[in-house]
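Asker: What follows is target11.txt, compact mmCIF, C-alpha atoms.
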```txt
# COMPACT_ATOMS: atom_id res chain seq x y z
CA MET A 1 6.89 29.68 0.95
CA ASN A 2 8.54 26.69 -0.73
CA ILE A 3 10.38 26.90 -4.04
CA ILE A 4 7.50 25.59 -6.17
CA ASP A 5 5.07 28.12 -4.71
CA GLU A 6 7.62 30.88 -5.24
CA LEU A 7 8.18 29.84 -8.87
CA HIS A 8 4.47 29.63 -9.50
CA HIS A 9 3.98 33.08 -8.01
CA ARG A 10 6.77 34.61 -10.10
CA LEU A 11 5.82 32.91 -13.37
CA SER A 12 2.06 33.40 -13.14
CA SER A 13 2.21 37.06 -14.15
CA LYS A 14 3.70 38.52 -17.32
CA THR A 15 4.74 41.65 -15.40
CA ARG A 16 6.64 39.58 -12.81
CA ILE A 17 8.30 37.56 -15.56
CA ARG A 18 9.45 40.76 -17.30
CA SER A 19 10.88 42.09 -14.06
CA LEU A 20 12.57 38.75 -13.36
CA PHE A 21 14.26 38.62 -16.78
CA LYS A 22 14.83 42.35 -17.38
CA ASP A 23 18.62 41.91 -17.47
CA ALA A 24 18.60 38.63 -19.45
CA ASN A 25 19.45 38.59 -23.13
CA VAL A 26 17.57 36.69 -25.84
CA ARG A 27 20.08 33.82 -25.93
CA ASP A 28 19.62 33.18 -22.19
CA LEU A 29 15.84 33.24 -22.57
CA GLU A 30 16.06 30.74 -25.45
CA LYS A 31 18.15 28.38 -23.27
CA ILE A 32 15.63 28.64 -20.44
CA LEU A 33 12.69 28.05 -22.79
CA SER A 34 14.45 25.05 -24.34
CA ARG A 35 15.07 23.49 -20.93
CA LEU A 36 11.50 24.17 -19.82
CA ASN A 37 10.20 22.55 -23.01
CA ASP A 38 12.39 19.49 -22.34
CA VAL A 39 11.00 19.18 -18.81
CA TYR A 40 7.47 19.63 -20.16
CA ALA A 41 8.03 16.87 -22.74
CA GLU A 42 9.31 14.50 -20.03
CA LYS A 43 6.31 15.21 -17.80
CA LEU A 44 3.98 14.67 -20.75
CA GLU A 45 5.60 11.30 -21.53
CA VAL A 46 5.16 10.20 -17.92
CA ARG A 47 1.51 11.23 -17.98
CA VAL A 48 0.90 9.33 -21.23
CA ALA A 49 2.61 6.21 -19.83
CA GLU A 50 0.50 6.38 -16.64
CA GLU A 51 -2.67 6.77 -18.71
CA GLU A 52 -1.70 3.73 -20.81
CA GLN A 53 -1.14 1.69 -17.63
CA ARG A 54 -4.50 2.79 -16.26
CA GLN A 55 -6.23 1.90 -19.53
CA LYS A 56 -4.59 -1.57 -19.57
CA LYS A 57 -5.84 -2.14 -16.04
CA VAL A 58 -9.38 -1.04 -16.98
CA ASP A 59 -9.30 -3.38 -19.99
CA LYS A 60 -8.21 -6.31 -17.79
CA ILE A 61 -10.97 -5.56 -15.29
CA LYS A 62 -13.56 -5.44 -18.07
CA ALA A 63 -12.28 -8.76 -19.45
CA ILE A 64 -12.56 -10.35 -15.99
CA GLN A 65 -16.08 -8.95 -15.54
CA LYS A 66 -17.06 -10.32 -18.96
CA GLU A 67 -15.63 -13.75 -18.11
CA MET A 68 -17.42 -13.77 -14.75
CA ALA A 69 -20.70 -12.83 -16.43
CA SER A 70 -20.29 -15.64 -18.97
CA LEU A 71 -19.75 -18.09 -16.09
CA GLY A 72 -22.66 -16.64 -14.11
CA LEU A 73 -20.48 -15.52 -11.20
CA THR A 74 -20.68 -12.38 -9.08
CA LEU A 75 -18.41 -10.96 -6.40
CA SER A 76 -20.88 -12.06 -3.74
CA ASP A 77 -20.23 -15.66 -4.82
CA PHE A 78 -16.62 -15.24 -3.68
CA ASP A 79 -17.76 -13.77 -0.35
CA ALA A 80 -20.11 -16.72 0.15
CA LEU A 81 -17.25 -19.11 -0.58
CA ASP A 82 -15.09 -17.45 2.09
CA GLU A 83 -17.89 -17.58 4.66
CA THR A 84 -18.27 -21.35 4.26
CA GLY A 85 -14.59 -21.81 5.04
CA LYS A 86 -13.66 -23.35 1.71
CA GLY A 87 -12.04 -20.23 0.29
CA SER A 88 -9.07 -18.10 1.12
CA ARG A 89 -8.06 -17.70 4.76
CA VAL A 90 -6.88 -14.10 4.27
CA GLY A 91 -8.63 -11.75 6.64
CA LYS A 92 -10.41 -14.44 8.70
CA GLY A 93 -10.88 -13.06 12.19
CA ALA A 94 -8.64 -10.12 11.46
CA VAL A 95 -8.93 -6.47 10.66
CA ASP A 96 -7.49 -5.30 7.32
CA GLY A 97 -6.05 -8.77 6.61
CA ARG A 98 -3.67 -8.61 9.58
CA LYS A 99 -3.38 -11.51 11.99
CA ARG A 100 -4.61 -10.92 15.51
CA ARG A 101 -2.53 -11.88 18.49
CA ASN A 102 -3.92 -14.52 20.80
CA VAL A 103 -4.05 -12.49 24.01
CA SER A 104 -5.77 -13.75 27.13
CA LYS A 105 -5.93 -11.88 30.42
CA HIS A 106 -5.36 -13.58 33.76
CA THR A 107 -4.51 -12.88 37.36
CA PHE A 108 -0.91 -13.88 37.96
CA GLU A 109 0.61 -14.56 41.37
CA TYR A 110 4.31 -14.27 42.12
CA LYS A 111 6.63 -13.65 45.07
CA THR A 112 8.97 -10.70 45.45
CA VAL A 113 12.55 -10.89 46.73
CA SER A 114 11.30 -10.02 50.23
CA GLY A 115 8.85 -12.97 50.09
CA ASP A 116 5.61 -11.00 49.62
CA ALA A 117 2.96 -12.66 47.43
CA ILE A 118 1.80 -10.24 44.73
CA LYS A 119 -1.21 -10.63 42.46
CA TRP A 120 -1.11 -8.88 39.11
CA TYR A 121 -3.84 -8.78 36.44
CA GLY A 122 -2.46 -8.76 32.92
CA SER A 123 -2.10 -10.61 29.66
CA THR A 124 -0.01 -13.54 28.50
CA THR A 125 1.86 -11.22 26.11
CA GLY A 126 3.34 -7.76 26.45
CA ARG A 127 5.30 -5.96 29.13
CA LEU A 128 5.56 -7.12 32.72
CA PRO A 129 6.11 -5.42 36.06
CA LYS A 130 9.80 -5.45 36.98
CA GLY A 131 9.23 -7.63 40.05
CA PHE A 132 7.34 -10.24 38.01
CA GLN A 133 10.07 -10.22 35.39
CA ASP A 134 12.74 -10.78 38.05
CA TYR A 135 10.70 -13.61 39.58
CA LEU A 136 10.35 -15.40 36.22
CA GLU A 137 14.08 -15.09 35.52
CA LYS A 138 15.04 -16.29 39.00
CA THR A 139 12.71 -19.31 39.05
CA GLY A 140 12.89 -20.20 35.34
CA LYS A 141 9.10 -20.37 35.14
CA LYS A 142 6.89 -19.19 32.31
CA ARG A 143 4.10 -16.66 32.70
CA THR A 144 1.43 -19.33 32.32
CA ASP A 145 2.90 -21.23 35.28
CA CYS A 146 2.00 -18.29 37.54
CA ILE A 147 -1.69 -17.98 36.64
CA ALA A 148 -3.68 -17.83 39.88
CA ASP A 149 -7.18 -17.97 38.40
CA SER A 150 -8.52 -17.44 34.90
CA GLU A 151 -10.93 -14.62 34.16
```
What would you get if you wrote out this structure as structure tokens?
Answerer:
Amino acid sequence: MNIIDELHHRLSSKTRIRSLFKDANVRDLEKILSRLNDVYAEKLEVRVAEEEQRQKKVDKIKAIQKEMASLGLTLSDFDALDETGKGSRVGKGAVDGRKRRNVSKHTFEYKTVSGDAIKWYGSTTGRLPKGFQDYLEKTGKKRTDCIADSE
């Protein structure tokens, strides 16, 4: 049980509170109550500030909606603009606005140290078999130079 759960358990019953503070004097209880009230006031201020921020955001959204209505625009107009290619490029051909890597798969052919010709099917990006890596380093070639046939 974490500390918050333990506190909630202890302070949720008047009987448990009495047992918890049975040896405390009135002055100690007043200090504790004062500190709890201070924490409560701080939490309340934070909640009020968050509510004000949320209300400002709602007001801005309503103002934008009103302006769009006066101009005769809808959100689907923006989608149509993006589909024609004249709008924003964010998210084009990508998932969640992320760019996709240009990965193409090919059959690569390389020679091992012993002279054996090896064919390996893989992509132009990512990890390589150790033998292929050694071959590229030794010959100074690029991956694309070793493509045997495109798929």
Asker: With only C-alpha atoms as the counted atoms, please give the residues lying no more than 12 Å from stretch 3-11 of chain A, apart from itself and same-chain residues fewer than 6 positions off, as a list in words.
Answerer: Ile17, Arg18, Ser19, Leu20 and Phe21 of chain A
Asker: Could you work out how far atom CA of A:Arg47 lies from atom CA of A:Ser13, giving the answer in Å with one decimal?
Answerer: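 These two atoms are separated by 26.1 Å.
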Asker: Take atom CA of A:Lys141 and atom CA of A:Phe108 and report the distance between them in Å, one decimal.
Answerer: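 These two atoms are separated by 12.3 Å.
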Asker: Taking all listed atoms of stretch 55-69 of chain A, build the axis-aligned box, pad each of the six sides by 5 Å, then write its centre and edge lengths in Å to one decimal as AutoDock Vina command-line options.
Answerer:
```
--center_x -12.6 --center_y -5.9 --center_z -17.4 --size_x 26.1 --size_y 25.7 --size_z 15.2
```
Asker: Just give me the gap between atom CA of A:Met68 and atom CA of A:Ala80 in Å, one decimal is fine.
Answerer: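 Separation of atom CA of A:Met68 and atom CA of A:Ala80: 15.4 Å.
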Asker: Counting only C-alpha atoms, which of A:Ala148, A:Leu136, A:Val103, A:Ala41 gets nearest to A:Lys119?
Answerer: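 That would be A:Ala148, the residue with the smallest distance to A:Lys119.
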Asker: Might you pull out every residue within 10 Å of A:Pro129, with all atoms listed in the file counted and same-chain residues fewer than 5 positions away left off, and present them as a PyMOL selection string?
Answerer: chain A and resi 120+122+134
Asker: Which residue gives the smallest distance to A:Asp145 among A:Glu51, A:Glu42, A:Glu109, A:Asp77, with only C-alpha atoms counted?
Answerer: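 When distances to A:Asp145 are compared using only C-alpha atoms, the smallest one comes from A:Glu109.
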Asker: Compile the contact shell of A:Lys130 as a PyMOL selection string: residues with an atom at most 12 Å away, counting only C-alpha atoms, same-chain residues fewer than 2 positions apart removed.
Answerer: chain A and resi 110-113+120+127-128+132-137
Asker: Could you get me a file of stretch 12-69 of chain A with C-alpha atoms, as a short mmCIF file (atom, residue, chain, number, x, y, z; two decimals), in the first residue's frame, taken from the block above?
Answerer:
```cif
data_model
loop_
_atom_site.label_atom_id
_atom_site.label_comp_id
_atom_site.auth_asym_id
_atom_site.auth_seq_id
_atom_site.Cartn_x
_atom_site.Cartn_y
_atom_site.Cartn_z
CA SER A 12 -11.35 8.33 6.14
CA SER A 13 -12.71 7.24 9.51
CA LYS A 14 -13.25 9.40 12.59
CA THR A 15 -12.41 6.42 14.83
CA ARG A 16 -9.07 5.86 13.07
CA ILE A 17 -8.28 9.58 13.29
CA ARG A 18 -8.98 9.56 17.05
CA SER A 19 -6.72 6.56 17.52
CA LEU A 20 -4.01 8.17 15.38
CA PHE A 21 -4.03 11.42 17.38
CA LYS A 22 -4.88 10.06 20.85
CA ASP A 23 -1.56 11.28 22.30
CA ALA A 24 -1.50 14.62 20.43
CA ASN A 25 -2.37 17.84 22.21
CA VAL A 26 -4.62 20.60 20.86
CA ARG A 27 -1.70 22.80 19.77
CA ASP A 28 -0.27 19.99 17.62
CA LEU A 29 -3.68 19.36 16.04
CA GLU A 30 -4.03 23.08 15.27
CA LYS A 31 -0.62 23.07 13.52
CA ILE A 32 -1.60 20.02 11.47
CA LEU A 33 -4.97 21.55 10.53
CA SER A 34 -3.29 24.83 9.56
CA ARG A 35 -0.82 23.02 7.29
CA LEU A 36 -3.58 20.91 5.74
CA ASN A 37 -5.61 24.07 5.07
CA ASP A 38 -2.58 25.66 3.39
CA VAL A 39 -2.13 22.63 1.14
CA TYR A 40 -5.86 22.64 0.38
CA ALA A 41 -5.72 26.34 -0.58
CA GLU A 42 -2.76 25.70 -2.91
CA LYS A 43 -4.55 22.79 -4.59
CA LEU A 44 -7.67 24.92 -4.98
CA GLU A 45 -5.66 27.74 -6.61
CA VAL A 46 -4.14 25.28 -9.08
CA ARG A 47 -7.58 23.91 -9.93
CA VAL A 48 -8.97 27.42 -10.48
CA ALA A 49 -6.01 28.34 -12.71
CA GLU A 50 -6.46 25.16 -14.78
CA GLU A 51 -10.18 25.88 -15.15
CA GLU A 52 -9.40 29.44 -16.32
CA GLN A 53 -6.95 28.06 -18.90
CA ARG A 54 -9.53 25.56 -20.12
CA GLN A 55 -12.18 28.29 -20.37
CA LYS A 56 -9.81 30.55 -22.36
CA LYS A 57 -9.17 27.69 -24.76
CA VAL A 58 -12.91 27.02 -25.16
CA ASP A 59 -13.48 30.74 -25.84
CA LYS A 60 -10.75 30.76 -28.51
CA ILE A 61 -12.23 27.67 -30.16
CA LYS A 62 -15.68 29.25 -30.20
CA ALA A 63 -14.25 32.44 -31.72
CA ILE A 64 -12.52 30.41 -34.45
CA GLN A 65 -15.72 28.46 -35.15
CA LYS A 66 -17.67 31.73 -35.38
CA GLU A 67 -15.09 33.21 -37.77
CA MET A 68 -15.14 30.06 -39.91
CA ALA A 69 -18.94 30.14 -40.04
#
```
